[in-house]
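Asks: One structure follows; several queries about it will come next.
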Amino acid sequence: MPRLRVITFDLDNTLWNVRTVIGGAERRLVAWLEAELPAAAAVYRNTSDLMAMRGRLIDEQPQLAHDISGLRVAILQQVMRQSGYREAQARQLAARAFEVLIKARHNIKFFDGAFGALGNLSRRYTLGSLTNGNADPKRLKLDRYFSFSFCAADVGASKPAPELFEAALRHTGAAPHEVAHIGDHPIDDIAGAAELGLHTIWFNGPVQQSMREEPATATATVEITHLDELVDAVERIEAL
């Protein structure tokens, strides 16, 4: 069987703690709204109304379910309208608010071992990222390691649907058995990738476990609990 050629990475909760990242971004946005647009801040702080707004927008525009940035902008536009701003100004202010949010969203502390593993593996394999989220690898300077990156908004579908994995296969020309995917989610990452015949590495460390309401299991090719184990996991797959 041919050796591995490609390794794809999930991002949120695989290379960093997304709960910490998004929490910080939300606090930065609220602080900005309170300082610049107090009426909008009052609307935005109403969590129940905000969730209802989110649901209505997805019902009206189903593609937003797979486009986190687009959904965020649409929500912020609605917040501005409800705060009394006319349409053109609501759009302008929403764009400013989103830039505050997305800048803070990229204020990331990577998990220990992330850069060592990425540097090691990028010298031997083609690396890419496949995410349901809206982190931009170029903004994080991860393009020094990743030769391609796809998000759910690019393909109109979220993992575990096959579209993101299929995009990686088309882009690289690799066969499924020549690809290993690493991710934290037992369904979105591991089951989704395995369904297409990719090798899988389940990152199931203490941080990932702490975010699940119930214990999870996954039938992965290899399971790891720390990114320092990743290079060895790839070598174990190569030896199969």
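In the structure tokens, chains take the letters A, B, ... in the order shown, each chain's residues start at 1, and ligands count up from 1 in the order shown.
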List the neighbours of Glu163 in chain A out to 12 Å using only C-alpha atoms; skip same-chain residues closer than 4 positions along the sequence, and give me the result as a list in words.

Replies: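 Skipping anything fewer than 4 positions along the chain leaves His66, Leu130, Thr131, Asn132, Phe150, Cys151, Ala152, Ala153, Asp154, Val155, Gly156, Ala157, Ser158, Lys159, Ala167, Ala168, Leu169, Arg170, Asp188, Gly192, Ala193, Glu195 and Leu196 of chain A.
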
Asks: Identify, on the basis of only C-alpha atoms, every residue whose closest approach to Ala40 in chain A does not exceed 8 Å; exclude the query and any residue fewer than 3 positions from it along the same chain; express the result as a list in words.

Replies: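 Here the answer would be Leu33, Glu34, Leu37, Val43, Tyr44, Val79, Met80, Gln82 and Ser83 of chain A.
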
Asks: Would you work out the distance separating CA of Ser147 in chain A from CA of Gly128 in chain A, expressed in Å to one decimal?

Replies: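 Atom-to-atom, CA of Ser147 in chain A to CA of Gly128 in chain A, that is 5.8 Å.
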
Asks: Can you pull out every residue from range 54-238 of chain A that DSSP, working from the backbone, puts in strand (DSSP E or B), and format the result as a PyMOL selection string?

Replies: chain A and resi 110+126-131+146-151+179-183+199-203+222-224

Asks: I'd like a table as a tab-separated table: residues in range 136-207 of chain A with an atom no more than 9 Å from range 118-121 of chain A, each row giving the shortest atom pair and its distance in Å to one decimal, only C-alpha atoms counted, sorted by chain and rising residue number.

Replies:
residue	atom	partner	partner_atom	distance
A:Arg144	CA	A:Gly119	CA	8.9
A:Tyr145	CA	A:Leu118	CA	6.4
A:Phe146	CA	A:Leu118	CA	8.7

Asks: Keeping only all heavy atoms, write the selected residues as a CSV table (one decimal), in the first residue's frame.

Replies:
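Produced file part-v9.csv, reproduced below:
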chain,number,residue,atom,x,y,z
A,144,ARG,N,2.7,28.8,6.5
A,144,ARG,CA,4.1,28.3,6.4
A,144,ARG,C,4.1,26.7,6.5
A,144,ARG,O,5.1,26.1,6.1
A,144,ARG,CB,4.9,28.9,7.5
A,144,ARG,CG,4.7,28.3,8.9
A,144,ARG,CD,5.5,29.0,10.0
A,144,ARG,NE,4.8,30.2,10.5
A,144,ARG,CZ,5.1,30.9,11.5
A,144,ARG,NH1,6.3,30.6,12.2
A,144,ARG,NH2,4.4,31.9,11.9
A,145,TYR,N,3.0,26.1,7.1
A,145,TYR,CA,2.9,24.7,7.2
A,145,TYR,C,1.9,24.1,6.2
A,145,TYR,O,2.1,23.1,5.6
A,145,TYR,CB,2.5,24.3,8.6
A,145,TYR,CG,3.4,24.9,9.7
A,145,TYR,CD1,3.0,25.8,10.6
A,145,TYR,CD2,4.8,24.5,9.8
A,145,TYR,CE1,3.8,26.3,11.6
A,145,TYR,CE2,5.6,25.0,10.8
A,145,TYR,CZ,5.1,25.9,11.7
A,145,TYR,OH,5.9,26.4,12.6
A,146,PHE,N,0.7,24.8,6.1
A,146,PHE,CA,-0.4,24.3,5.3
A,146,PHE,C,-0.3,24.8,3.9
A,146,PHE,O,-0.2,26.0,3.6
A,146,PHE,CB,-1.7,24.8,5.9
A,146,PHE,CG,-2.0,24.2,7.3
A,146,PHE,CD1,-2.7,25.0,8.2
A,146,PHE,CD2,-1.6,23.0,7.7
A,146,PHE,CE1,-3.0,24.5,9.5
A,146,PHE,CE2,-1.9,22.5,8.9
A,146,PHE,CZ,-2.6,23.2,9.8

Asks: Name the residues of range 5-129 of chain A that fall into alpha helix (DSSP H) according to DSSP on the backbone, using the chain letters and numbers of this document, as a PyMOL selection string.

Replies: chain A and resi 18-36+38-44+47-60+68-82+87-105+114-122

Asks: Between A:Ala39, A:Ala194, A:Leu15, A:Leu50, which one has atoms that come closest to Ala117 in chain A, using only C-alpha atoms?

Replies: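 Using only C-alpha atoms, Ala117 in chain A sits closest to A:Leu15.
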
Asks: Just want the 12 Å neighbourhood of range 183-186 of chain A, counted on only C-alpha atoms, with same-chain residues fewer than 2 positions away dropped. Output as a PyMOL selection string.

Replies: chain A and resi 7-18+129-132+159-160+180-181+188-194+199-212+215-227+230

Asks: Could you work out how far CA of Ala114 in chain A lies from CA of Ser69 in chain A, giving the answer in Å with one decimal?

Replies: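 Answer for the CA of Ser69 in chain A to CA of Ala114 in chain A separation: 25.1 Å.
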
Asks: If you count only C-alpha atoms, which residues fall within 10 Å of range 56-63 of chain A, apart from same-chain ones fewer than 2 positions away, as a list in words?

Replies: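 Those residues are Leu50, Met51, Ala52, Met53, Arg54, Ala65, His66, Asp67, Ile68, Gly70, Leu71, Ala74, Ile75, Gln78, Ala153, Gly156 and Ala157 of chain A.
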
Asks: Could you check how far CA of Glu238 in chain A sits from CA of Leu4 in chain A, in Å to one decimal?

Replies: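 Separation between CA of Glu238 in chain A and CA of Leu4 in chain A: 6.6 Å.
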
Asks: Which one of A:Asp232, A:Glu178, A:Glu166, A:Asp136 sits closest to Leu198 in chain A if you count only C-alpha atoms?

Replies: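 With only C-alpha atoms as the atom set, the closest residue is A:Glu178.
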
Asks: Taking into account only C-alpha atoms, which residue in the set A:Ile22, A:Val100, A:Ala239, A:Val30 is nearest to Asn134 in chain A?

Replies: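 Comparing A:Ile22, A:Val100, A:Ala239, A:Val30 against Asn134 in chain A, the winner is A:Ile22.
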
Asks: Find the spatial neighbours of Phe98 in chain A, counting only C-alpha atoms, within a cut-off of 7 Å - ignore same-chain residues fewer than 4 positions away - and output them as a VMD selection string.

Replies: chain A and resid 73 94 102

Asks: Grab the residues selected above and save them as a PDB file, in the first residue's frame with C-alpha atoms.

Replies:
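And here's out36.pdb as it stands now:
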ATOM      1  CA  VAL A  73     -22.266  39.509  10.231  1.00  0.00           C
ATOM      2  CA  ALA A  94     -21.941  45.560  11.755  1.00  0.00           C
ATOM      3  CA  ILE A 102     -12.627  38.428  14.116  1.00  0.00           C
TER       4      ILE A 102
END
